[in-house]
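**Student:** File final_30.txt below, compact mmCIF, C-alpha atoms and all ligand atoms:
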```txt
# COMPACT_ATOMS: atom_id res chain seq x y z
CA MET A 738 138.83 114.10 135.62
CA THR A 739 140.18 110.81 136.89
CA SER A 740 142.85 108.98 135.03
CA THR A 741 141.61 105.91 133.27
CA ASP A 742 143.22 102.89 131.73
CA ARG A 743 140.21 102.13 129.62
CA GLU A 744 141.03 101.67 125.99
CA VAL A 745 138.97 102.26 122.90
CA THR A 746 139.00 99.39 120.43
CA VAL A 747 137.93 99.44 116.81
CA GLU A 748 137.03 96.43 114.69
CA GLN A 749 136.34 96.63 110.97
CA CYS A 750 133.54 94.23 109.99
CA PRO A 751 134.15 93.01 106.43
CA GLY A 752 131.70 94.81 104.13
CA GLY A 753 130.08 96.43 107.16
CA PRO A 754 130.53 99.04 109.88
CA LEU A 755 133.32 99.78 112.35
CA LEU A 756 132.54 98.38 115.78
CA VAL A 757 133.80 100.78 118.42
CA ARG A 758 134.03 99.75 122.05
CA GLY A 759 134.80 101.98 125.00
CA ALA A 760 134.25 105.41 123.40
CA ASP A 761 132.19 108.15 125.10
CA ILE A 762 131.89 110.43 122.08
CA ILE A 763 132.30 109.94 118.35
CA ARG A 764 133.34 113.11 116.52
CA ASP A 765 132.44 113.19 112.82
CA ALA A 766 134.30 114.84 109.92
CA GLU A 767 132.45 118.12 110.47
CA GLY A 768 133.57 118.16 114.09
CA THR A 769 130.14 117.40 115.54
CA ALA A 770 130.23 115.29 118.69
CA HIS A 771 127.83 112.34 118.96
CA ASP A 772 127.23 110.80 122.38
CA VAL A 773 127.79 107.08 122.69
CA THR A 774 124.91 105.51 124.61
CA ARG A 775 125.67 101.78 124.36
CA PRO A 776 128.68 99.63 125.25
CA LEU A 777 129.44 98.91 121.63
CA VAL A 778 128.49 101.10 118.68
CA ALA A 779 128.53 100.51 114.92
CA VAL A 780 129.93 103.46 113.02
CA CYS A 781 129.04 103.67 109.31
CA ALA A 782 131.94 102.79 107.03
CA CYS A 783 130.16 102.77 103.67
CA GLY A 784 129.21 106.45 103.79
CA LYS A 785 125.60 105.76 102.82
CA THR A 786 123.87 105.62 106.19
CA GLY A 787 120.72 107.64 106.79
CA ARG A 788 121.67 108.19 110.46
CA PRO A 789 125.29 109.35 110.45
CA PRO A 790 127.63 108.57 112.07
CA TRP A 791 125.85 105.33 112.99
CA CYS A 792 125.44 102.28 110.76
CA ASP A 793 121.82 101.65 109.72
CA GLY A 794 122.39 98.55 107.60
CA THR A 795 122.40 100.41 104.28
CA HIS A 796 125.68 98.70 103.28
CA LYS A 797 123.63 95.57 102.64
CA ALA A 798 121.85 97.23 99.75
CA LEU A 799 125.29 98.00 98.27
CA ARG A 800 126.57 94.43 98.41
CA ARG A 801 123.34 92.84 97.19
CA PRO A 802 123.46 92.20 93.44
CA THR A 803 120.17 93.72 92.32
CA MET B 599 98.10 86.46 132.14
CA LEU B 600 95.28 83.92 132.19
CA LEU B 601 95.19 80.77 130.08
CA PRO B 602 94.12 81.38 126.47
CA GLN B 603 91.03 79.89 124.81
CA PRO B 604 91.84 76.45 123.38
CA ARG B 605 91.78 76.17 119.59
CA GLY B 606 91.41 72.43 119.14
CA PRO B 607 91.90 69.05 120.81
CA ILE B 608 95.62 69.42 121.61
CA SER B 609 95.43 72.86 123.21
CA HIS B 610 92.22 71.81 124.92
CA GLY B 611 94.04 68.83 126.45
CA VAL B 612 96.92 71.06 127.57
CA VAL B 613 94.53 73.46 129.28
CA ARG B 614 92.88 70.54 131.10
CA LEU B 615 96.26 69.22 132.23
CA LEU B 616 97.37 72.67 133.34
CA LYS B 617 94.24 73.03 135.43
CA ASP B 618 95.01 69.64 136.97
CA ASP B 619 92.11 67.90 135.34
CA ARG B 620 93.97 64.69 134.60
CA ASP B 621 92.73 64.24 131.04
CA GLU B 622 95.22 63.15 128.42
CA PRO B 623 95.38 65.51 125.47
CA ALA B 624 93.94 64.15 122.25
CA ALA B 625 96.15 62.06 120.00
CA LEU B 626 98.35 64.25 117.83
CA THR B 627 97.20 64.70 114.27
CA GLY B 628 98.76 66.77 111.50
CA GLY B 629 97.21 69.84 109.91
CA ASP B 630 96.99 69.97 106.10
CA GLU B 631 99.36 72.91 105.80
CA GLY B 632 101.94 71.61 108.22
CA ASP B 633 102.52 72.26 111.89
CA LEU B 634 103.72 75.84 111.53
CA GLN B 635 100.24 76.94 110.50
CA ASP B 636 98.37 74.65 112.89
CA ASP B 637 96.64 76.95 115.39
CA ASP B 638 95.91 74.17 117.83
CA LEU B 639 99.42 72.73 117.92
CA GLN B 640 101.17 76.11 118.06
CA LEU B 641 98.96 77.33 120.89
CA ALA B 642 99.48 74.09 122.84
CA LEU B 643 103.25 74.40 122.45
CA TRP B 644 103.16 78.09 123.28
CA MET B 645 101.37 77.38 126.58
CA LEU B 646 103.84 74.62 127.46
CA PHE B 647 106.82 76.87 126.77
CA GLU B 648 105.22 79.78 128.60
CA LEU B 649 105.44 77.83 131.87
CA HIS B 650 109.20 78.54 131.73
CA TYR B 651 108.74 82.30 131.19
CA ARG B 652 106.08 84.26 133.13
CA GLY B 653 103.46 81.50 133.43
CA PHE B 654 99.72 81.90 133.91
CA ALA B 655 97.92 83.38 136.90
CA ASP B 656 95.44 80.49 136.81
CA VAL B 657 98.03 77.69 136.66
CA PRO B 658 99.99 76.45 139.73
CA ALA B 659 103.69 77.26 139.32
CA GLY B 660 104.65 73.62 139.98
CA ARG B 661 103.10 72.57 136.66
CA GLU B 662 106.32 73.74 134.99
CA TRP B 663 107.91 70.35 135.72
CA ASP B 664 104.84 68.15 135.40
CA LEU B 665 105.94 64.92 133.72
CA ASP B 666 102.84 64.51 131.55
CA LEU B 667 103.19 68.06 130.28
CA LEU B 668 106.89 67.59 129.62
CA ARG B 669 106.21 64.37 127.73
CA LEU B 670 103.65 66.08 125.55
CA ARG B 671 105.99 69.03 125.03
CA ALA B 672 108.73 66.66 123.89
CA GLU B 673 106.40 65.13 121.28
CA LEU B 674 105.29 68.51 119.94
CA GLN B 675 108.86 69.81 119.94
CA GLU B 676 110.01 66.80 117.96
CA ARG B 677 107.35 67.45 115.32
CA LEU B 678 108.21 71.12 115.02
CA GLU B 679 111.94 70.42 114.81
CA GLN B 680 111.42 67.84 112.05
CA GLU B 681 109.26 70.21 110.03
CA LEU B 682 111.84 72.98 110.39
CA ARG B 683 114.71 70.66 109.44
CA SER B 684 112.98 69.54 106.27
CA ARG B 685 111.97 73.09 105.29
CA THR B 686 115.53 74.36 105.70
CA ALA B 687 117.59 71.41 104.45
CA THR B 688 118.38 72.99 101.07
CA ALA B 689 119.37 76.39 102.45
CA VAL B 690 121.64 74.79 105.06
CA ALA B 691 123.27 72.47 102.51
CA GLU B 692 123.93 75.42 100.20
CA ALA B 693 125.48 77.50 103.00
CA LEU B 694 127.77 74.60 103.90
CA THR B 695 129.15 74.50 100.36
CA VAL B 696 129.98 78.22 99.98
CA PRO B 697 133.61 77.92 98.87
CA GLU B 698 136.46 79.25 101.02
CA ALA B 699 134.25 81.07 103.44
CA ASP B 700 134.89 81.52 107.14
CA PHE B 701 131.91 80.80 109.31
CA PRO B 702 130.59 84.37 109.70
CA GLU B 703 130.71 84.69 105.89
CA ARG B 704 128.77 81.45 105.48
CA LEU B 705 126.13 82.58 107.94
CA THR B 706 125.89 86.03 106.35
CA ALA B 707 125.53 84.48 102.89
CA LEU B 708 122.66 82.32 104.11
CA ILE B 709 120.92 85.30 105.70
CA ASP B 710 121.47 87.55 102.65
CA ALA B 711 120.10 84.89 100.30
CA ALA B 712 116.73 84.73 102.06
CA ASP B 713 114.04 86.69 100.32
CA GLY B 714 110.77 86.79 102.18
CA PRO B 715 108.00 89.22 101.25
CA SER B 716 108.58 92.70 102.65
CA VAL B 717 106.06 93.40 105.38
CA ALA B 718 108.22 96.37 106.33
CA GLY B 719 108.02 97.78 102.79
CA TYR B 720 104.23 97.46 102.86
CA LEU B 721 104.04 99.13 106.28
CA GLN B 722 106.28 101.93 105.07
CA ARG B 723 104.27 102.79 101.96
CA ASP B 724 100.80 101.29 101.88
CA ALA B 725 99.47 100.09 105.21
CA THR B 726 96.46 101.76 106.79
CA ARG B 727 96.68 102.90 110.38
CA ASP B 728 94.56 99.90 111.40
CA GLN B 729 96.96 97.53 109.67
CA VAL B 730 99.94 99.07 111.46
CA VAL B 731 98.10 98.63 114.76
CA ASP B 732 97.20 95.07 113.74
CA PHE B 733 100.89 94.41 113.10
CA MET B 734 101.82 95.78 116.54
CA ARG B 735 99.23 93.55 118.21
CA GLN B 736 100.62 90.41 116.55
CA ARG B 737 104.19 91.47 117.33
CA SER B 738 103.30 91.98 121.01
CA ILE B 739 103.35 88.22 121.54
CA TYR B 740 107.09 88.06 120.97
CA HIS B 741 108.32 91.58 121.69
CA LEU B 742 106.97 91.73 125.24
CA LYS B 743 109.48 88.97 125.94
CA GLU B 744 111.92 90.06 123.28
CA SER B 745 115.30 88.30 123.47
CA ASP B 746 114.32 86.44 126.66
CA PRO B 747 114.57 83.00 125.02
CA TYR B 748 118.29 83.45 124.36
CA SER B 749 119.02 84.16 128.01
CA PHE B 750 118.36 80.46 128.61
CA VAL B 751 121.41 79.72 126.44
CA LEU B 752 123.92 81.70 128.56
CA PRO B 753 124.75 79.00 131.14
CA ARG B 754 125.35 76.51 128.33
CA LEU B 755 128.22 78.51 126.86
CA GLU B 756 131.71 79.32 127.96
CA GLY B 757 134.35 81.85 127.07
CA ALA B 758 134.07 84.33 124.19
CA PRO B 759 130.57 83.50 122.90
CA LYS B 760 129.21 83.75 126.44
CA THR B 761 130.74 87.19 126.97
CA ALA B 762 129.36 88.35 123.62
CA LEU B 763 125.85 87.02 124.28
CA ALA B 764 125.84 88.68 127.72
CA GLU B 765 126.89 91.96 126.12
CA LEU B 766 124.13 91.74 123.53
CA GLN B 767 121.52 90.90 126.16
CA TYR B 768 122.72 93.78 128.36
CA ASP B 769 121.83 96.11 125.50
CA GLU B 770 118.47 94.37 124.84
CA TYR B 771 117.74 94.71 128.56
CA GLY B 772 118.28 98.47 128.57
CA ALA B 773 122.03 98.78 129.32
CA GLY B 774 121.31 99.57 132.97
CA GLN B 775 118.27 101.79 132.36
CA PRO B 776 114.86 100.18 132.90
CA HIS B 777 113.08 102.58 130.57
CA ARG B 778 115.41 101.45 127.76
CA LEU B 779 114.55 97.77 128.24
CA HIS B 780 113.38 96.82 124.75
CA GLN B 781 110.36 94.95 126.11
CA THR B 782 109.33 98.07 128.02
CA MET B 783 109.90 100.27 124.97
CA PHE B 784 107.60 97.94 123.05
CA GLY B 785 105.01 98.24 125.81
CA ASP B 786 105.25 102.04 125.51
CA ALA B 787 104.77 101.68 121.75
CA LEU B 788 101.67 99.51 122.27
CA GLU B 789 100.24 102.16 124.56
CA GLY B 790 100.99 104.78 121.93
CA CYS B 791 98.79 102.76 119.56
CA GLY B 792 95.99 102.66 122.13
CA LEU B 793 96.68 98.98 122.79
CA ASP B 794 96.99 97.00 126.02
CA ARG B 795 100.64 96.63 127.09
CA GLU B 796 99.92 93.74 129.43
CA TYR B 797 102.04 90.65 128.73
CA GLY B 798 99.95 88.16 126.74
CA ALA B 799 96.96 90.50 126.39
CA TYR B 800 96.44 89.51 122.75
CA ILE B 801 97.21 85.83 122.99
CA ASP B 802 93.70 84.83 121.88
CA GLN B 803 94.13 86.91 118.72
CA ALA B 804 97.62 85.69 117.84
CA SER B 805 97.80 83.81 114.55
CA ALA B 806 99.41 80.36 114.35
CA LEU B 807 102.48 81.86 112.71
CA THR B 808 102.77 84.58 115.34
CA LEU B 809 102.80 81.82 117.94
CA ALA B 810 105.23 79.79 115.82
CA THR B 811 107.65 82.74 115.68
CA SER B 812 107.86 82.67 119.47
CA ASN B 813 107.80 78.89 119.70
CA VAL B 814 110.74 78.33 117.38
CA ALA B 815 112.94 80.58 119.54
CA SER B 816 111.83 78.68 122.66
CA LEU B 817 112.23 75.30 120.96
CA PHE B 818 115.90 76.02 120.34
CA ALA B 819 116.73 78.04 123.43
CA LEU B 820 115.23 75.67 125.98
CA GLN B 821 117.23 72.66 124.80
CA ARG B 822 120.97 72.54 125.40
CA ARG B 823 121.30 70.13 122.47
CA LEU B 824 120.04 72.92 120.19
CA ARG B 825 122.17 75.77 121.59
CA GLY B 826 123.82 76.25 118.20
CA ALA B 827 120.43 76.57 116.51
CA ALA B 828 119.30 79.04 119.18
CA LEU B 829 122.24 81.34 118.53
CA GLY B 830 121.90 81.01 114.75
CA HIS B 831 118.25 81.93 115.17
CA PHE B 832 119.20 84.98 117.20
CA ALA B 833 121.78 86.03 114.59
CA ALA B 834 119.24 85.80 111.74
CA PHE B 835 116.68 87.70 113.79
CA GLU B 836 119.10 90.53 114.59
CA SER B 837 120.47 90.63 111.04
CA THR B 838 117.05 91.15 109.48
CA SER B 839 115.95 93.93 111.79
CA SER B 840 117.87 97.16 111.19
CA VAL B 841 116.72 97.91 107.63
CA PRO B 842 113.10 96.75 108.13
CA CYS B 843 112.86 98.80 111.34
CA ARG B 844 113.82 101.93 109.41
CA LYS B 845 110.95 101.29 106.99
CA ILE B 846 108.46 100.46 109.73
CA ALA B 847 109.33 103.67 111.60
CA ARG B 848 108.58 105.63 108.42
CA GLY B 849 105.24 103.86 108.02
CA ILE B 850 104.33 104.59 111.62
CA ARG B 851 104.99 108.30 111.12
CA ARG B 852 103.17 108.27 107.76
CA VAL B 853 99.91 107.03 109.33
CA GLY B 854 100.23 109.58 112.13
CA LEU B 855 100.86 107.35 115.14
CA PRO B 856 102.74 109.10 117.97
CA ASP B 857 106.53 109.26 118.17
CA VAL B 858 106.70 106.82 121.06
CA VAL B 859 105.57 104.10 118.64
CA ALA B 860 108.30 104.93 116.12
CA ALA B 861 110.87 105.28 118.92
CA TYR B 862 111.00 101.53 119.47
CA PHE B 863 111.85 101.00 115.79
CA ASP B 864 114.31 103.93 115.67
CA GLU B 865 116.16 102.34 118.58
CA HIS B 866 116.34 99.06 116.66
CA VAL B 867 117.76 100.62 113.50
CA GLU B 868 120.80 101.60 115.52
CA ALA B 869 120.92 98.80 118.08
CA ASP B 870 120.49 95.97 115.62
CA ALA B 871 123.17 97.30 113.29
CA VAL B 872 125.45 96.51 116.25
CA HIS B 873 123.67 93.37 117.41
CA GLU B 874 123.85 91.84 113.96
CA GLN B 875 127.64 92.02 113.96
CA VAL B 876 127.90 90.81 117.54
CA ALA B 877 125.55 87.89 116.93
CA VAL B 878 127.10 86.75 113.65
CA ARG B 879 130.75 87.31 114.49
CA HIS B 880 131.30 87.45 118.24
CA ILE B 881 128.63 84.91 119.23
CA CYS B 882 128.14 82.45 116.35
CA GLY B 883 131.62 82.83 114.87
CA ALA B 884 133.25 82.28 118.26
CA LEU B 885 130.95 79.37 119.12
CA VAL B 886 131.77 77.52 115.90
CA GLU B 887 135.46 78.15 116.46
CA GLN B 888 135.13 76.43 119.85
CA GLU B 889 132.80 73.71 118.65
CA PRO B 890 133.09 73.22 114.87
CA ALA B 891 130.51 70.43 115.02
CA LEU B 892 127.84 73.04 115.82
CA ALA B 893 128.26 74.85 112.48
CA GLU B 894 125.40 73.03 110.80
CA ASP B 895 123.01 73.66 113.70
CA VAL B 896 123.83 77.37 113.76
CA LEU B 897 122.96 77.55 110.06
CA PHE B 898 119.83 75.49 110.70
CA GLY B 899 118.67 77.90 113.41
CA ALA B 900 119.23 80.89 111.15
CA ALA B 901 117.45 79.25 108.22
CA ALA B 902 114.53 78.29 110.46
CA CYS B 903 114.15 81.88 111.64
CA LEU B 904 114.11 83.15 108.05
CA ALA B 905 111.71 80.45 106.83
CA VAL B 906 109.14 81.11 109.55
CA ASP B 907 109.51 84.84 109.10
CA ALA B 908 108.93 84.57 105.34
CA LEU B 909 105.85 82.41 105.83
CA ALA B 910 104.46 84.70 108.52
CA GLY B 911 105.04 87.74 106.31
CA GLU B 912 103.34 86.06 103.36
CA ARG B 913 100.29 85.21 105.44
CA LEU B 914 100.03 88.63 107.04
CA LEU B 915 100.22 90.41 103.68
CA ALA B 916 97.67 88.00 102.20
CA SER B 917 95.29 88.61 105.08
CA TRP B 918 95.57 92.36 104.59
CA ALA B 919 95.12 92.04 100.83
CA SER B 920 91.89 90.12 101.29
CA SER B 921 90.42 92.61 103.75
CA ASP B 922 90.19 95.80 101.72
CA SER B 923 86.76 96.95 102.84
CA PRO B 924 87.00 100.00 105.14
CA GLN B 925 86.22 98.00 108.23
CA GLY B 926 87.40 94.74 106.72
CA GLU B 927 88.35 91.92 109.00
CA SER B 928 91.85 92.30 110.31
CA SER B 929 94.18 89.32 110.46
CA LEU B 930 93.38 89.25 114.14
CA MET B 931 89.67 89.11 113.90
CA ARG B 932 89.99 86.25 111.48
CA ALA B 933 92.44 84.49 113.72
CA ALA B 934 90.12 84.98 116.67
CA ALA B 935 87.21 83.59 114.69
CA SER B 936 89.09 80.53 113.48
CA PRO B 937 87.50 77.28 114.60
CA THR B 938 88.10 76.32 118.18
CA SER B 939 86.71 73.43 120.09
CA GLY B 940 85.31 73.35 123.57
FE FE C 1001 115.71 94.60 120.84
FE FE C 1002 118.60 93.57 118.97
```
Translate this structure into structure tokens?
Ligand SMILES: [Fe+2]
Ligand SMILES: [Fe+2]
**Tutor:**
Amino acid sequence: MTSTDREVTVEQCPGGPLLVRGADIIRDAEGTAHDVTRPLVAVCACGKTGRPPWCDGTHKALRRPT
Amino acid sequence: MLLPQPRGPISHGVVRLLKDDRDEPAALTGGDEGDLQDDDLQLALWMLFELHYRGFADVPAGREWDLDLLRLRAELQERLEQELRSRTATAVAEALTVPEADFPERLTALIDAADGPSVAGYLQRDATRDQVVDFMRQRSIYHLKESDPYSFVLPRLEGAPKTALAELQYDEYGAGQPHRLHQTMFGDALEGCGLDREYGAYIDQASALTLATSNVASLFALQRRLRGAALGHFAAFESTSSVPCRKIARGIRRVGLPDVVAAYFDEHVEADAVHEQVAVRHICGALVEQEPALAEDVLFGAAACLAVDALAGERLLASWASSDSPQGESSLMRAAASPTSG
């Protein structure tokens, strides 16, 4: 493995997901590894996604006053 | 793609001009229900914009910069922009008065407040297989050039919003893998439905509002003056995709269409959850920080996207509701049978 100076950055979107840039793998609470296939991924932060660990927009239903 | 069948005097005139028959198009007249639902006007504008994308096999490439065509395009564009501005004035004014909001919050509030009819909900639960296929055919007009309009905006930006737009487009264009190009994935999905994946194959069956959906993106993206509106449009489009795509994918599986059809929508559940944030925050937020005067236009572009989408959804659902016989007319057959001249 080559040394790398690439950094992983995380941005919390208000009321939304975590945007993660520069990761190769996201490991969830159970220890399962999920491959990262795009430059930037949205990781669910509301806990209600149907496609964990990825955000699927479900947080919108939570903030919408129904 | 070959030139479509004209649908009235304006599109007829455009076809004549494109074929270098130096006839002036007919004088512009308004349809009763406004320009967005005017088949003739939307088709004429669609052809004029198309010269800047892939063009037509039966039109000389030089027509792209023909002065008569550009003059006509400018007139039609002006009409469409005015109609969109008046339809969205209230929504934009409301978004501008949201108290103590930063720009991404303003934009998000505008997008969240929109409530069009849920085509996705209908596709998920009730649509027949034929209706799902009908939906795919109408969507082919835009999705075979999905996100292309916004690439025209790149050279008009600088700094952070440019980097963010390029990153978003990189993902739309397959992130380095041709088979992941979203346009290609949509072509695969069309094939999975037994449809023709050829660009523009269903142009003669596209409804006025299907054409308008494409035209509004081109209207904004092809004019530097409207770069803010173009990016607001993109943000609204991306922000109203993830949740509907989840429902549509379920509907596709429910009616028994192959996985390759659902795969396009599965990809968009995940991709657009990212794209939404990038478009609202990294693109539009950064643009308005650089150029605060563009705030209103960004909101206008987003509101225009939502207004056209709501109208198109309403019409599509109404057309399905009125065709309940087993081999009832689809929205397409009706669109294809709508009066044309010439
Ligand atoms: Fe896409
Ligand atoms: Fe997208």
**Student:** Residues within 7 Å of segment 767-778 of chain A, please, as a list in words. Count all atoms listed in the file; anything in the same chain fewer than 6 positions from it doesn't count.
**Tutor:**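 Near neighbours after the sequence-gap exclusion: Leu756, Val757, Arg758, Gly759, Ala760 and Asp761 of chain A; Asp769, Ala773 and Val872 of chain B.
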**Student:** Set the cut-off to 8 Å, count only C-alpha atoms and all ligand atoms, and list whatever residues fall near ligand FE 1002 (chain C) as a PyMOL selection string.
**Tutor:** chain B and resi 745+766+769-770+836+839+866+869-870+872-874
**Student:** Using all atoms listed in the file, find each protein or nucleic acid residue lying at most 12 Å from ligand FE 1001 (chain C); present the set as a PyMOL selection string.
**Tutor:** chain B and resi 740-746+748+766-773+778-784+832+835-840+843+861-874
**Student:** Find the residues of chain A in contact range of chain B, meaning any atom within 12 Å when counting only C-alpha atoms, and list them as JSON, numbers by chain.
**Tutor:** {"A": [748, 749, 750, 751, 752, 753, 754, 755, 756, 757, 758, 773, 774, 775, 776, 777, 778, 779, 780, 781, 786, 787, 788, 789, 790, 791, 792, 793, 794, 795, 796, 797, 798, 799, 800, 801, 802, 803]}
**Student:** Hey, can you spit out that residue selection with C-alpha atoms as a compact mmCIF listing (two decimals), in the frame of the given file?
**Tutor:**
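See part_12.txt below for the written result:
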```txt
# COMPACT_ATOMS: atom_id res chain seq x y z
CA GLU A 748 137.03 96.43 114.69
CA GLN A 749 136.34 96.63 110.97
CA CYS A 750 133.54 94.23 109.99
CA PRO A 751 134.15 93.01 106.43
CA GLY A 752 131.70 94.81 104.13
CA GLY A 753 130.08 96.43 107.16
CA PRO A 754 130.53 99.04 109.88
CA LEU A 755 133.32 99.78 112.35
CA LEU A 756 132.54 98.38 115.78
CA VAL A 757 133.80 100.78 118.42
CA ARG A 758 134.03 99.75 122.05
CA VAL A 773 127.79 107.08 122.69
CA THR A 774 124.91 105.51 124.61
CA ARG A 775 125.67 101.78 124.36
CA PRO A 776 128.68 99.63 125.25
CA LEU A 777 129.44 98.91 121.63
CA VAL A 778 128.49 101.10 118.68
CA ALA A 779 128.53 100.51 114.92
CA VAL A 780 129.93 103.46 113.02
CA CYS A 781 129.04 103.67 109.31
CA THR A 786 123.87 105.62 106.19
CA GLY A 787 120.72 107.64 106.79
CA ARG A 788 121.67 108.19 110.46
CA PRO A 789 125.29 109.35 110.45
CA PRO A 790 127.63 108.57 112.07
CA TRP A 791 125.85 105.33 112.99
CA CYS A 792 125.44 102.28 110.76
CA ASP A 793 121.82 101.65 109.72
CA GLY A 794 122.39 98.55 107.60
CA THR A 795 122.40 100.41 104.28
CA HIS A 796 125.68 98.70 103.28
CA LYS A 797 123.63 95.57 102.64
CA ALA A 798 121.85 97.23 99.75
CA LEU A 799 125.29 98.00 98.27
CA ARG A 800 126.57 94.43 98.41
CA ARG A 801 123.34 92.84 97.19
CA PRO A 802 123.46 92.20 93.44
CA THR A 803 120.17 93.72 92.32
```
**Student:** Quick one: pull the distance between atom CA of Asp618 of chain B and atom CA of Tyr797 of chain B, Å, one decimal.
**Tutor:**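 Straight-line distance from atom CA of Asp618 of chain B to atom CA of Tyr797 of chain B works out to 23.6 Å.
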**Student:** Please work out which residues fall within 10 Å of (98.4, 105.2, 107.3), coordinates as given in the file, with all atoms listed in the file counting, and return them as a list in words.
**Tutor:**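 Residues close enough to count: Leu721, Gln722, Arg723, Asp724, Ala725, Thr726, Arg727, Asp728, Gln729, Val730, Val731, Gly849, Ile850, Arg851, Arg852, Val853, Gly854 and Leu855 of chain B.
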**Student:** What lies within 8 Å of segment 712-715 of chain B using only C-alpha atoms, ignoring chain neighbours under 6 positions off, as a PyMOL selection string?
**Tutor:** chain B and resi 904-905+907-909+911-912
**Student:** Set the distance at 12 Å and use only C-alpha atoms: which residues neighbour Glu889 of chain B once local chain neighbours fewer than 3 positions away are removed? I'd like the list as a list in words.
**Tutor:**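 Residues near the query, excluding close chain neighbours: Phe701, Leu755, Glu756, Gly757, Pro759, Arg825, Gly826, Ile881, Cys882, Gly883, Ala884, Leu885, Val886, Leu892, Ala893, Glu894, Asp895 and Val896 of chain B.
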**Student:** Using Å and a single decimal, report how far atom CA of Val613 of chain B sits from atom CA of Leu668 of chain B.
**Tutor:** 13.7 Å
**Student:** One number please: atom CA of Leu914 of chain B to atom CA of Val717 of chain B, in Å, one decimal.
**Tutor:**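 So the answer is 7.9 Å.
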**Student:** Can you pull segment 680-693 of chain B out of that block with N, CA and C atoms and hand it back as a PDB file, in the first residue's frame?
**Tutor:**
```
ATOM      1  N   GLN B 680     -41.531  34.832 -19.661  1.00  0.00           N
ATOM      2  CA  GLN B 680     -42.562  35.666 -19.037  1.00  0.00           C
ATOM      3  C   GLN B 680     -43.632  34.823 -18.376  1.00  0.00           C
ATOM      4  N   GLU B 681     -44.050  33.748 -19.063  1.00  0.00           N
ATOM      5  CA  GLU B 681     -45.074  32.893 -18.462  1.00  0.00           C
ATOM      6  C   GLU B 681     -44.561  32.262 -17.163  1.00  0.00           C
ATOM      7  N   LEU B 682     -43.302  31.815 -17.197  1.00  0.00           N
ATOM      8  CA  LEU B 682     -42.733  31.191 -15.997  1.00  0.00           C
ATOM      9  C   LEU B 682     -42.600  32.206 -14.870  1.00  0.00           C
ATOM     10  N   ARG B 683     -42.178  33.429 -15.211  1.00  0.00           N
ATOM     11  CA  ARG B 683     -42.029  34.444 -14.159  1.00  0.00           C
ATOM     12  C   ARG B 683     -43.370  34.745 -13.515  1.00  0.00           C
ATOM     13  N   SER B 684     -44.430  34.835 -14.316  1.00  0.00           N
ATOM     14  CA  SER B 684     -45.706  35.182 -13.694  1.00  0.00           C
ATOM     15  C   SER B 684     -46.259  33.993 -12.889  1.00  0.00           C
ATOM     16  N   ARG B 685     -46.037  32.772 -13.360  1.00  0.00           N
ATOM     17  CA  ARG B 685     -46.521  31.613 -12.603  1.00  0.00           C
ATOM     18  C   ARG B 685     -45.805  31.417 -11.268  1.00  0.00           C
ATOM     19  N   THR B 686     -44.571  31.935 -11.161  1.00  0.00           N
ATOM     20  CA  THR B 686     -43.769  31.646  -9.971  1.00  0.00           C
ATOM     21  C   THR B 686     -43.582  32.859  -9.057  1.00  0.00           C
ATOM     22  N   ALA B 687     -44.162  33.993  -9.446  1.00  0.00           N
ATOM     23  CA  ALA B 687     -43.900  35.240  -8.710  1.00  0.00           C
ATOM     24  C   ALA B 687     -44.202  35.096  -7.214  1.00  0.00           C
ATOM     25  N   THR B 688     -45.327  34.477  -6.887  1.00  0.00           N
ATOM     26  CA  THR B 688     -45.717  34.361  -5.481  1.00  0.00           C
ATOM     27  C   THR B 688     -44.743  33.485  -4.703  1.00  0.00           C
ATOM     28  N   ALA B 689     -44.414  32.331  -5.257  1.00  0.00           N
ATOM     29  CA  ALA B 689     -43.504  31.410  -4.561  1.00  0.00           C
ATOM     30  C   ALA B 689     -42.146  32.065  -4.321  1.00  0.00           C
ATOM     31  N   VAL B 690     -41.653  32.805  -5.321  1.00  0.00           N
ATOM     32  CA  VAL B 690     -40.349  33.457  -5.187  1.00  0.00           C
ATOM     33  C   VAL B 690     -40.422  34.553  -4.120  1.00  0.00           C
ATOM     34  N   ALA B 691     -41.489  35.347  -4.162  1.00  0.00           N
ATOM     35  CA  ALA B 691     -41.636  36.428  -3.181  1.00  0.00           C
ATOM     36  C   ALA B 691     -41.696  35.863  -1.759  1.00  0.00           C
ATOM     37  N   GLU B 692     -42.415  34.756  -1.600  1.00  0.00           N
ATOM     38  CA  GLU B 692     -42.502  34.132  -0.271  1.00  0.00           C
ATOM     39  C   GLU B 692     -41.137  33.642   0.200  1.00  0.00           C
ATOM     40  N   ALA B 693     -40.386  33.006  -0.695  1.00  0.00           N
ATOM     41  CA  ALA B 693     -39.072  32.475  -0.312  1.00  0.00           C
ATOM     42  C   ALA B 693     -38.129  33.610   0.085  1.00  0.00           C
TER      43      ALA B 693
END
```
